[in-house]
Amino acid sequence: MRILAEARFPELPHPYFGKVRDNYDLPDGRRIIISSDRLSAFDRILACIPWKGQVLTQTARYWFERTADICPNHVLSYPDPNVVVGKRLTILPVEVVVRGYLAGTTGTSILTLYKKGEREMYGHRFPDGLRDNEKLPKPILTPTSKEFDGGHDAPLTPKEIVEGGLLTPEQWETLSVYALGLFARGQEIAAQRGLILVDTKYEFGLDEDGNIVLADEIHTPDSSRYWLAEGYDEAFATGKRPPSFDKDFVRAWVAERVDPYTDPIPEIPAELIEATSRVYIDAYERITGETFVPDTSGATPVDRVRDNLAYAFPRYFGA
């Protein structure tokens, strides 16, 4: 099985290696973002999933191209199936999550907090008596702090964001309009394909002119929770988890066995990794309506990425 575990190229300048992506900043203001096959959850790397990086890059491409009329994005080119070259941005210190349902498993999800008895969250008031995975009256914004050095993101309210100087009132208003508009478009297109876009995160940055631009990824199985629409009503009625293909597939397996924030992560079984790979591919095909074609060129995935980057950026590779 072909795995892109990492993409470390000493020829490229100014590297930054994130949980899932390996990045390089060029002097001309461009950023090379390479999506590996690493799977991150609970602020940790859980496993590597074959073809995951290609799925994420190509799924995000699908959505970037279909939402450019709503919000400007960072994309400049795609030199490889796992690579996007984007405009380098100053990332804003607030990550915006839009939620359409009372769902989630992480420490900052509204379902987790709701089960702990909290009713005031992210500047919203929730009534008693809500059930797991219940649809909210309308999508809501649940912003968190953006921790850049491995720290835990913390819930924020709009008032805290503005009064704390994280964003200006105008920036928060723009982010809110962009995020809700993107989510509405996502839910609309997802519904046409028999899917429910449950929640998703967006990351924004400022370009050289101070404009707010969508960064990172959009509506992928890593940044979003999708359910299969045909199974939601029955699952909700019986109190079961709706059928899905997001990364909770692995999260749930880990969380059932250990405290994923403090305990060592057990080795993920090979059959679960293979099944998760199929889940990602199925997600791509259901979301886009296109057949996934894995790129098997090159001796290894990292060799292929290197060759494509050398063609796109010959000055760095001596080509």
# chains A, B, ... in the order shown; residues from 1 in each chain; ligands from 1
>>> closest_atom_pairs(of="range 112-218 of chain A", to="range 229-247 of chain A", cutoff="7 Å", atoms="only C-alpha atoms", output="JSON lines")
{"residue": "A:Asn133", "atom": "CA", "partner": "A:Phe236", "partner_atom": "CA", "distance": 6.8}
{"residue": "A:Gly194", "atom": "CA", "partner": "A:Ala229", "partner_atom": "CA", "distance": 5.4}
{"residue": "A:Leu195", "atom": "CA", "partner": "A:Ala229", "partner_atom": "CA", "distance": 4.9}
{"residue": "A:Ile196", "atom": "CA", "partner": "A:Ala229", "partner_atom": "CA", "distance": 5.6}
>>> write_last_selection(atoms="all heavy atoms", output="compact mmCIF listing (two decimals), in the first residue's frame")
# COMPACT_ATOMS: atom_id res chain seq x y z
N ASN A 133 -27.26 14.43 18.40
CA ASN A 133 -27.34 14.53 16.94
C ASN A 133 -28.62 15.21 16.43
O ASN A 133 -28.99 15.05 15.27
CB ASN A 133 -27.19 13.15 16.30
CG ASN A 133 -25.92 12.46 16.76
OD1 ASN A 133 -24.87 13.08 16.84
ND2 ASN A 133 -26.01 11.17 17.05
N GLY A 194 -27.18 13.29 -1.44
CA GLY A 194 -27.64 12.37 -0.41
C GLY A 194 -26.83 12.43 0.87
O GLY A 194 -26.78 11.46 1.63
N LEU A 195 -26.21 13.58 1.13
CA LEU A 195 -25.36 13.75 2.30
C LEU A 195 -25.87 14.87 3.18
O LEU A 195 -26.54 15.79 2.71
CB LEU A 195 -23.92 14.06 1.87
CG LEU A 195 -23.24 13.05 0.95
CD1 LEU A 195 -21.89 13.58 0.49
CD2 LEU A 195 -23.08 11.71 1.65
N ILE A 196 -25.51 14.83 4.45
CA ILE A 196 -25.75 15.92 5.39
C ILE A 196 -24.39 16.46 5.82
O ILE A 196 -23.58 15.72 6.37
CB ILE A 196 -26.53 15.44 6.63
CG1 ILE A 196 -27.92 14.94 6.22
CG2 ILE A 196 -26.65 16.57 7.65
CD1 ILE A 196 -28.67 14.28 7.38
>>> select_by_dssp(residues="range 176-293 of chain A", states="strand (DSSP E or B)", output="list in words")
Leu195, Ile196, Leu197, Val198, Asp199, Thr200, Lys201, Tyr202, Phe204, Gly205, Leu206, Ile212, Val213, Leu214, Ser224, Arg225, Tyr226, Trp227, Leu228 and Ser244 of chain A
>>> residues_around(residues="range 71-87 of chain A", least_positions_apart="5", cutoff="6 Å", atoms="only C-alpha atoms", output="list of chain:residue names")
A:Arg30, A:Arg31, A:Ile32, A:Ile33, A:Ile34, A:Ser35, A:Gly53, A:Gln54, A:Thr57, A:Val213, A:Leu214, A:Ala215
>>> write_last_selection(atoms="all heavy atoms", output="mmCIF file, in the first residue's frame")
data_model
loop_
_atom_site.group_PDB
_atom_site.id
_atom_site.type_symbol
_atom_site.label_atom_id
_atom_site.label_comp_id
_atom_site.auth_asym_id
_atom_site.auth_seq_id
_atom_site.Cartn_x
_atom_site.Cartn_y
_atom_site.Cartn_z
ATOM 1 N N ARG A 30 4.510 32.708 -2.000
ATOM 2 C CA ARG A 30 3.734 31.485 -2.189
ATOM 3 C C ARG A 30 4.068 30.464 -1.100
ATOM 4 O O ARG A 30 5.174 30.466 -0.566
ATOM 5 C CB ARG A 30 4.013 30.871 -3.561
ATOM 6 C CG ARG A 30 3.454 31.680 -4.713
ATOM 7 C CD ARG A 30 3.740 31.016 -6.048
ATOM 8 N NE ARG A 30 5.171 31.043 -6.372
ATOM 9 C CZ ARG A 30 5.701 30.468 -7.448
ATOM 10 N NH1 ARG A 30 4.923 29.804 -8.286
ATOM 11 N NH2 ARG A 30 7.002 30.544 -7.674
ATOM 12 N N ARG A 31 3.113 29.619 -0.800
ATOM 13 C CA ARG A 31 3.305 28.530 0.151
ATOM 14 C C ARG A 31 2.979 27.205 -0.534
ATOM 15 O O ARG A 31 1.910 27.063 -1.141
ATOM 16 C CB ARG A 31 2.435 28.710 1.391
ATOM 17 C CG ARG A 31 2.425 27.494 2.325
ATOM 18 C CD ARG A 31 1.754 27.794 3.644
ATOM 19 N NE ARG A 31 2.583 28.676 4.463
ATOM 20 C CZ ARG A 31 2.234 29.129 5.660
ATOM 21 N NH1 ARG A 31 1.060 28.799 6.164
ATOM 22 N NH2 ARG A 31 3.045 29.919 6.341
ATOM 23 N N ILE A 32 3.892 26.246 -0.413
ATOM 24 C CA ILE A 32 3.657 24.898 -0.917
ATOM 25 C C ILE A 32 3.101 24.073 0.234
ATOM 26 O O ILE A 32 3.736 23.937 1.284
ATOM 27 C CB ILE A 32 4.961 24.272 -1.437
ATOM 28 C CG1 ILE A 32 5.533 25.098 -2.595
ATOM 29 C CG2 ILE A 32 4.726 22.835 -1.885
ATOM 30 C CD1 ILE A 32 6.927 24.659 -3.021
ATOM 31 N N ILE A 33 1.906 23.503 0.048
ATOM 32 C CA ILE A 33 1.231 22.733 1.089
ATOM 33 C C ILE A 33 1.042 21.312 0.583
ATOM 34 O O ILE A 33 0.351 21.087 -0.416
ATOM 35 C CB ILE A 33 -0.128 23.357 1.448
ATOM 36 C CG1 ILE A 33 0.040 24.827 1.840
ATOM 37 C CG2 ILE A 33 -0.799 22.567 2.566
ATOM 38 C CD1 ILE A 33 -1.263 25.569 2.002
ATOM 39 N N ILE A 34 1.677 20.366 1.249
ATOM 40 C CA ILE A 34 1.646 18.973 0.836
ATOM 41 C C ILE A 34 0.835 18.180 1.848
ATOM 42 O O ILE A 34 1.185 18.120 3.037
ATOM 43 C CB ILE A 34 3.070 18.397 0.738
ATOM 44 C CG1 ILE A 34 3.943 19.280 -0.166
ATOM 45 C CG2 ILE A 34 3.031 16.958 0.214
ATOM 46 C CD1 ILE A 34 5.419 18.953 -0.102
ATOM 47 N N SER A 35 -0.238 17.564 1.402
ATOM 48 C CA SER A 35 -1.093 16.770 2.290
ATOM 49 C C SER A 35 -0.547 15.354 2.369
ATOM 50 O O SER A 35 -0.520 14.625 1.378
ATOM 51 C CB SER A 35 -2.532 16.746 1.778
ATOM 52 O OG SER A 35 -3.126 18.015 1.882
ATOM 53 N N GLY A 53 -4.249 11.768 1.710
ATOM 54 C CA GLY A 53 -3.771 13.087 1.305
ATOM 55 C C GLY A 53 -4.292 13.507 -0.049
ATOM 56 O O GLY A 53 -4.665 14.667 -0.253
ATOM 57 N N GLN A 54 -4.330 12.570 -0.989
ATOM 58 C CA GLN A 54 -4.863 12.894 -2.313
ATOM 59 C C GLN A 54 -6.357 13.186 -2.224
ATOM 60 O O GLN A 54 -6.853 14.120 -2.858
ATOM 61 C CB GLN A 54 -4.601 11.754 -3.294
ATOM 62 C CG GLN A 54 -5.094 12.065 -4.703
ATOM 63 C CD GLN A 54 -4.809 10.966 -5.711
ATOM 64 O OE1 GLN A 54 -3.932 10.123 -5.497
ATOM 65 N NE2 GLN A 54 -5.542 10.963 -6.811
ATOM 66 N N THR A 57 -6.829 16.745 -0.724
ATOM 67 C CA THR A 57 -6.447 17.816 -1.637
ATOM 68 C C THR A 57 -7.470 17.968 -2.757
ATOM 69 O O THR A 57 -7.871 19.082 -3.105
ATOM 70 C CB THR A 57 -5.052 17.547 -2.225
ATOM 71 O OG1 THR A 57 -4.110 17.411 -1.157
ATOM 72 C CG2 THR A 57 -4.610 18.694 -3.123
ATOM 73 N N VAL A 213 -9.112 35.978 3.565
ATOM 74 C CA VAL A 213 -9.059 34.936 2.544
ATOM 75 C C VAL A 213 -9.199 33.571 3.220
ATOM 76 O O VAL A 213 -8.612 33.326 4.279
ATOM 77 C CB VAL A 213 -7.720 35.006 1.765
ATOM 78 C CG1 VAL A 213 -7.618 33.879 0.752
ATOM 79 C CG2 VAL A 213 -7.568 36.360 1.081
ATOM 80 N N LEU A 214 -9.961 32.683 2.610
ATOM 81 C CA LEU A 214 -10.122 31.324 3.120
ATOM 82 C C LEU A 214 -8.839 30.536 2.877
ATOM 83 O O LEU A 214 -8.311 30.511 1.767
ATOM 84 C CB LEU A 214 -11.295 30.642 2.422
ATOM 85 C CG LEU A 214 -11.600 29.199 2.814
ATOM 86 C CD1 LEU A 214 -12.005 29.104 4.288
ATOM 87 C CD2 LEU A 214 -12.707 28.630 1.922
ATOM 88 N N ALA A 215 -8.342 29.869 3.904
ATOM 89 C CA ALA A 215 -7.082 29.130 3.823
ATOM 90 C C ALA A 215 -7.332 27.647 4.078
ATOM 91 O O ALA A 215 -8.473 27.182 4.206
ATOM 92 C CB ALA A 215 -6.091 29.692 4.838
#
>>> closest_residue(among="A:Thr67, A:Gln171, A:Gln58, A:Ser36", to="Arg185 in chain A", atoms="only C-alpha atoms")
A:Thr67
>>> residues_around(residues="Ser176 in chain A", least_positions_apart="4", cutoff="9 Å", atoms="only C-alpha atoms", output="ChimeraX atom specification")
/A:96,141,171-172,180-181
>>> write_last_selection(atoms="N, CA, C and O atoms", output="JSON list (two decimals), in the first residue's frame")
[["chain", "number", "residue", "atom", "x", "y", "z"],
["A", 96, "VAL", "N", -13.04, 29.15, 12.97],
["A", 96, "VAL", "CA", -14.50, 29.19, 12.99],
["A", 96, "VAL", "C", -15.06, 27.82, 12.65],
["A", 96, "VAL", "O", -14.75, 27.25, 11.60],
["A", 141, "LEU", "N", -22.35, 29.59, 14.70],
["A", 141, "LEU", "CA", -20.90, 29.73, 14.72],
["A", 141, "LEU", "C", -20.39, 29.38, 16.11],
["A", 141, "LEU", "O", -20.91, 29.87, 17.12],
["A", 171, "GLN", "N", -13.85, 42.59, 11.02],
["A", 171, "GLN", "CA", -13.31, 41.28, 10.63],
["A", 171, "GLN", "C", -14.22, 40.14, 11.09],
["A", 171, "GLN", "O", -14.45, 39.20, 10.34],
["A", 172, "TRP", "N", -14.73, 40.25, 12.31],
["A", 172, "TRP", "CA", -15.62, 39.20, 12.80],
["A", 172, "TRP", "C", -16.89, 39.13, 11.97],
["A", 172, "TRP", "O", -17.39, 38.06, 11.65],
["A", 180, "LEU", "N", -20.90, 31.33, 7.29],
["A", 180, "LEU", "CA", -22.28, 30.87, 7.14],
["A", 180, "LEU", "C", -22.65, 30.69, 5.68],
["A", 180, "LEU", "O", -23.40, 29.78, 5.31],
["A", 181, "GLY", "N", -22.11, 31.55, 4.80],
["A", 181, "GLY", "CA", -22.36, 31.40, 3.37],
["A", 181, "GLY", "C", -21.73, 30.14, 2.80],
["A", 181, "GLY", "O", -22.34, 29.42, 2.01]]
>>> residues_around(residues="Lys138 in chain A", least_positions_apart="2", cutoff="10 Å", atoms="only C-alpha atoms", output="list in words")
Arg99, Gly100, Tyr101, Lys135, Leu136 and Ile140 of chain A
>>> closest_residue(among="A:Thr90, A:Thr157, A:Thr105, A:Thr59", to="Pro221 in chain A", atoms="only C-alpha atoms")
A:Thr59
>>> residues_around(residues="Ala5 in chain A", least_positions_apart="5", cutoff="10 Å", atoms="only C-alpha atoms", output="NGL selection string")
:A and (20-21 or 35-39 or 47-50 or 53 or 301-302)
>>> residues_around(residues="Pro269 in chain A", least_positions_apart="3", cutoff="12 Å", atoms="only C-alpha atoms", output="VMD selection string")
chain A and resid 46 to 49 250 253 to 254 265 to 266 272 to 276
>>> atom_distance(atom1="CA of Leu206 in chain A", atom2="CA of Asp153 in chain A")
20.2 Å
>>> select_by_dssp(residues="range 39-201 of chain A", states="helix (DSSP H, G or I)", output="short mmCIF file (atom, residue, chain, number, x, y, z; two decimals) with N, CA, C and O atoms, in the first residue's frame")
data_model
loop_
_atom_site.label_atom_id
_atom_site.label_comp_id
_atom_site.auth_asym_id
_atom_site.auth_seq_id
_atom_site.Cartn_x
_atom_site.Cartn_y
_atom_site.Cartn_z
N LYS A 52 -5.28 9.10 1.62
CA LYS A 52 -5.98 10.16 2.34
C LYS A 52 -5.55 11.56 1.89
O LYS A 52 -6.39 12.45 1.70
N GLY A 53 -4.25 11.77 1.71
CA GLY A 53 -3.77 13.09 1.30
C GLY A 53 -4.29 13.51 -0.05
O GLY A 53 -4.67 14.67 -0.25
N GLN A 54 -4.33 12.57 -0.99
CA GLN A 54 -4.86 12.89 -2.31
C GLN A 54 -6.36 13.19 -2.22
O GLN A 54 -6.85 14.12 -2.86
N VAL A 55 -7.07 12.39 -1.45
CA VAL A 55 -8.51 12.63 -1.28
C VAL A 55 -8.76 14.02 -0.72
O VAL A 55 -9.62 14.77 -1.21
N LEU A 56 -8.02 14.40 0.32
CA LEU A 56 -8.25 15.70 0.95
C LEU A 56 -7.95 16.83 -0.02
O LEU A 56 -8.72 17.80 -0.12
N THR A 57 -6.83 16.74 -0.72
CA THR A 57 -6.45 17.82 -1.64
C THR A 57 -7.47 17.97 -2.76
O THR A 57 -7.87 19.08 -3.11
N GLN A 58 -7.89 16.84 -3.32
CA GLN A 58 -8.82 16.91 -4.44
C GLN A 58 -10.24 17.25 -4.01
O GLN A 58 -10.99 17.90 -4.75
N THR A 59 -10.64 16.81 -2.81
CA THR A 59 -11.95 17.21 -2.30
C THR A 59 -12.00 18.70 -2.03
O THR A 59 -12.97 19.39 -2.37
N ALA A 60 -10.93 19.22 -1.40
CA ALA A 60 -10.87 20.66 -1.14
C ALA A 60 -10.88 21.44 -2.45
O ALA A 60 -11.53 22.49 -2.55
N ARG A 61 -10.18 20.92 -3.45
CA ARG A 61 -10.18 21.60 -4.75
C ARG A 61 -11.60 21.70 -5.31
O ARG A 61 -11.99 22.75 -5.83
N TYR A 62 -12.34 20.61 -5.21
CA TYR A 62 -13.73 20.61 -5.67
C TYR A 62 -14.51 21.76 -5.02
O TYR A 62 -15.24 22.50 -5.69
N TRP A 63 -14.34 21.89 -3.68
CA TRP A 63 -15.11 22.91 -2.96
C TRP A 63 -14.58 24.32 -3.18
O TRP A 63 -15.36 25.28 -3.26
N PHE A 64 -13.26 24.47 -3.25
CA PHE A 64 -12.71 25.81 -3.51
C PHE A 64 -13.27 26.35 -4.83
O PHE A 64 -13.61 27.53 -4.94
N GLU A 65 -13.34 25.48 -5.82
CA GLU A 65 -13.82 25.92 -7.14
C GLU A 65 -15.31 26.24 -7.13
O GLU A 65 -15.77 27.03 -7.96
N ARG A 66 -16.06 25.68 -6.20
CA ARG A 66 -17.51 25.89 -6.16
C ARG A 66 -17.95 26.91 -5.13
O ARG A 66 -19.15 27.13 -4.95
N THR A 67 -17.00 27.52 -4.45
CA THR A 67 -17.35 28.54 -3.46
C THR A 67 -16.58 29.85 -3.67
O THR A 67 -16.67 30.75 -2.84
N ILE A 110 -20.13 20.86 20.82
CA ILE A 110 -21.28 21.29 21.61
C ILE A 110 -21.99 20.11 22.26
O ILE A 110 -22.58 20.25 23.33
N LEU A 111 -21.94 18.94 21.64
CA LEU A 111 -22.56 17.77 22.27
C LEU A 111 -21.80 17.37 23.52
O LEU A 111 -22.41 17.07 24.56
N THR A 112 -20.48 17.35 23.46
CA THR A 112 -19.67 17.01 24.63
C THR A 112 -19.95 17.98 25.77
O THR A 112 -20.16 17.58 26.92
N LEU A 113 -19.95 19.27 25.46
CA LEU A 113 -20.19 20.29 26.49
C LEU A 113 -21.63 20.21 27.01
O LEU A 113 -21.88 20.38 28.20
N TYR A 114 -22.56 19.95 26.10
CA TYR A 114 -23.97 19.85 26.50
C TYR A 114 -24.18 18.69 27.47
O TYR A 114 -24.91 18.81 28.46
N LYS A 115 -23.53 17.58 27.20
CA LYS A 115 -23.67 16.42 28.08
C LYS A 115 -23.06 16.67 29.45
O LYS A 115 -23.43 16.02 30.43
N PRO A 158 -18.29 35.61 20.49
CA PRO A 158 -18.01 36.79 19.67
C PRO A 158 -17.55 37.99 20.51
O PRO A 158 -16.66 38.74 20.09
N LYS A 159 -18.16 38.15 21.68
CA LYS A 159 -17.77 39.26 22.55
C LYS A 159 -16.32 39.13 22.97
O LYS A 159 -15.56 40.12 22.96
N GLU A 160 -15.90 37.92 23.34
CA GLU A 160 -14.50 37.70 23.74
C GLU A 160 -13.55 37.94 22.59
O GLU A 160 -12.44 38.47 22.77
N ILE A 161 -13.96 37.58 21.39
CA ILE A 161 -13.11 37.76 20.22
C ILE A 161 -12.85 39.24 19.96
O ILE A 161 -11.71 39.66 19.74
N VAL A 162 -13.90 40.03 20.01
CA VAL A 162 -13.77 41.46 19.71
C VAL A 162 -13.14 42.22 20.87
O VAL A 162 -12.19 42.99 20.68
N GLU A 163 -13.66 42.00 22.08
CA GLU A 163 -13.13 42.74 23.23
C GLU A 163 -11.70 42.33 23.56
O GLU A 163 -10.92 43.13 24.10
N PRO A 169 -14.30 44.30 15.01
CA PRO A 169 -15.72 44.02 14.75
C PRO A 169 -15.99 43.77 13.27
O PRO A 169 -16.79 42.90 12.92
N GLU A 170 -15.31 44.52 12.40
CA GLU A 170 -15.52 44.36 10.96
C GLU A 170 -15.00 43.00 10.48
O GLU A 170 -15.63 42.34 9.65
N GLN A 171 -13.85 42.59 11.02
CA GLN A 171 -13.31 41.28 10.63
C GLN A 171 -14.22 40.14 11.09
O GLN A 171 -14.45 39.20 10.34
N TRP A 172 -14.73 40.25 12.31
CA TRP A 172 -15.62 39.20 12.80
C TRP A 172 -16.89 39.13 11.97
O TRP A 172 -17.39 38.06 11.65
N GLU A 173 -17.42 40.29 11.59
CA GLU A 173 -18.62 40.32 10.76
C GLU A 173 -18.35 39.66 9.40
O GLU A 173 -19.16 38.87 8.90
N THR A 174 -17.21 39.97 8.81
CA THR A 174 -16.86 39.38 7.52
C THR A 174 -16.69 37.87 7.64
O THR A 174 -17.21 37.10 6.81
N LEU A 175 -15.98 37.42 8.67
CA LEU A 175 -15.80 35.99 8.89
C LEU A 175 -17.14 35.29 9.07
O LEU A 175 -17.36 34.19 8.54
N SER A 176 -18.03 35.91 9.81
CA SER A 176 -19.33 35.31 10.06
C SER A 176 -20.11 35.13 8.77
O SER A 176 -20.70 34.07 8.51
N VAL A 177 -20.11 36.17 7.95
CA VAL A 177 -20.84 36.12 6.68
C VAL A 177 -20.22 35.06 5.76
O VAL A 177 -20.93 34.25 5.15
N TYR A 178 -18.90 35.07 5.66
CA TYR A 178 -18.22 34.09 4.83
C TYR A 178 -18.52 32.66 5.31
O TYR A 178 -18.88 31.79 4.52
N ALA A 179 -18.34 32.41 6.61
CA ALA A 179 -18.48 31.05 7.14
C ALA A 179 -19.90 30.52 6.97
O ALA A 179 -20.10 29.38 6.54
N LEU A 180 -20.90 31.33 7.29
CA LEU A 180 -22.28 30.87 7.14
C LEU A 180 -22.65 30.69 5.68
O LEU A 180 -23.40 29.78 5.31
N GLY A 181 -22.11 31.55 4.80
CA GLY A 181 -22.36 31.40 3.37
C GLY A 181 -21.73 30.14 2.80
O GLY A 181 -22.34 29.42 2.01
N LEU A 182 -20.50 29.87 3.21
CA LEU A 182 -19.82 28.65 2.76
C LEU A 182 -20.56 27.41 3.25
O LEU A 182 -20.72 26.43 2.51
N PHE A 183 -20.99 27.45 4.50
CA PHE A 183 -21.69 26.29 5.07
C PHE A 183 -23.02 26.05 4.36
O PHE A 183 -23.39 24.91 4.08
N ALA A 184 -23.74 27.12 4.06
CA ALA A 184 -25.01 26.98 3.36
C ALA A 184 -24.80 26.36 1.98
O ALA A 184 -25.56 25.47 1.56
N ARG A 185 -23.76 26.81 1.26
CA ARG A 185 -23.46 26.22 -0.04
C ARG A 185 -23.08 24.75 0.12
O ARG A 185 -23.48 23.90 -0.67
N GLY A 186 -22.29 24.47 1.14
CA GLY A 186 -21.88 23.09 1.39
C GLY A 186 -23.06 22.19 1.68
O GLY A 186 -23.15 21.08 1.16
N GLN A 187 -23.98 22.65 2.53
CA GLN A 187 -25.15 21.83 2.85
C GLN A 187 -26.03 21.62 1.62
O GLN A 187 -26.57 20.54 1.41
N GLU A 188 -26.13 22.66 0.80
CA GLU A 188 -26.97 22.57 -0.40
C GLU A 188 -26.43 21.52 -1.37
O GLU A 188 -27.16 20.65 -1.85
N ILE A 189 -25.14 21.59 -1.66
CA ILE A 189 -24.55 20.64 -2.60
C ILE A 189 -24.51 19.24 -2.01
O ILE A 189 -24.77 18.25 -2.70
N ALA A 190 -24.20 19.14 -0.72
CA ALA A 190 -24.18 17.83 -0.07
C ALA A 190 -25.55 17.16 -0.14
O ALA A 190 -25.65 15.96 -0.40
N ALA A 191 -26.60 17.93 0.09
CA ALA A 191 -27.95 17.38 0.06
C ALA A 191 -28.29 16.82 -1.31
O ALA A 191 -29.00 15.81 -1.43
N GLN A 192 -27.79 17.45 -2.36
CA GLN A 192 -28.03 16.96 -3.72
C GLN A 192 -27.40 15.59 -3.94
O GLN A 192 -27.80 14.85 -4.85
#
>>> closest_residue(among="A:Val305, A:Val98, A:Ala312, A:Val198", to="Asp22 in chain A", atoms="only C-alpha atoms")
A:Val305
>>> closest_residue(among="A:Glu11, A:Ala299, A:Lys201, A:Ile70", to="Pro314 in chain A", atoms="only C-alpha atoms")
A:Glu11
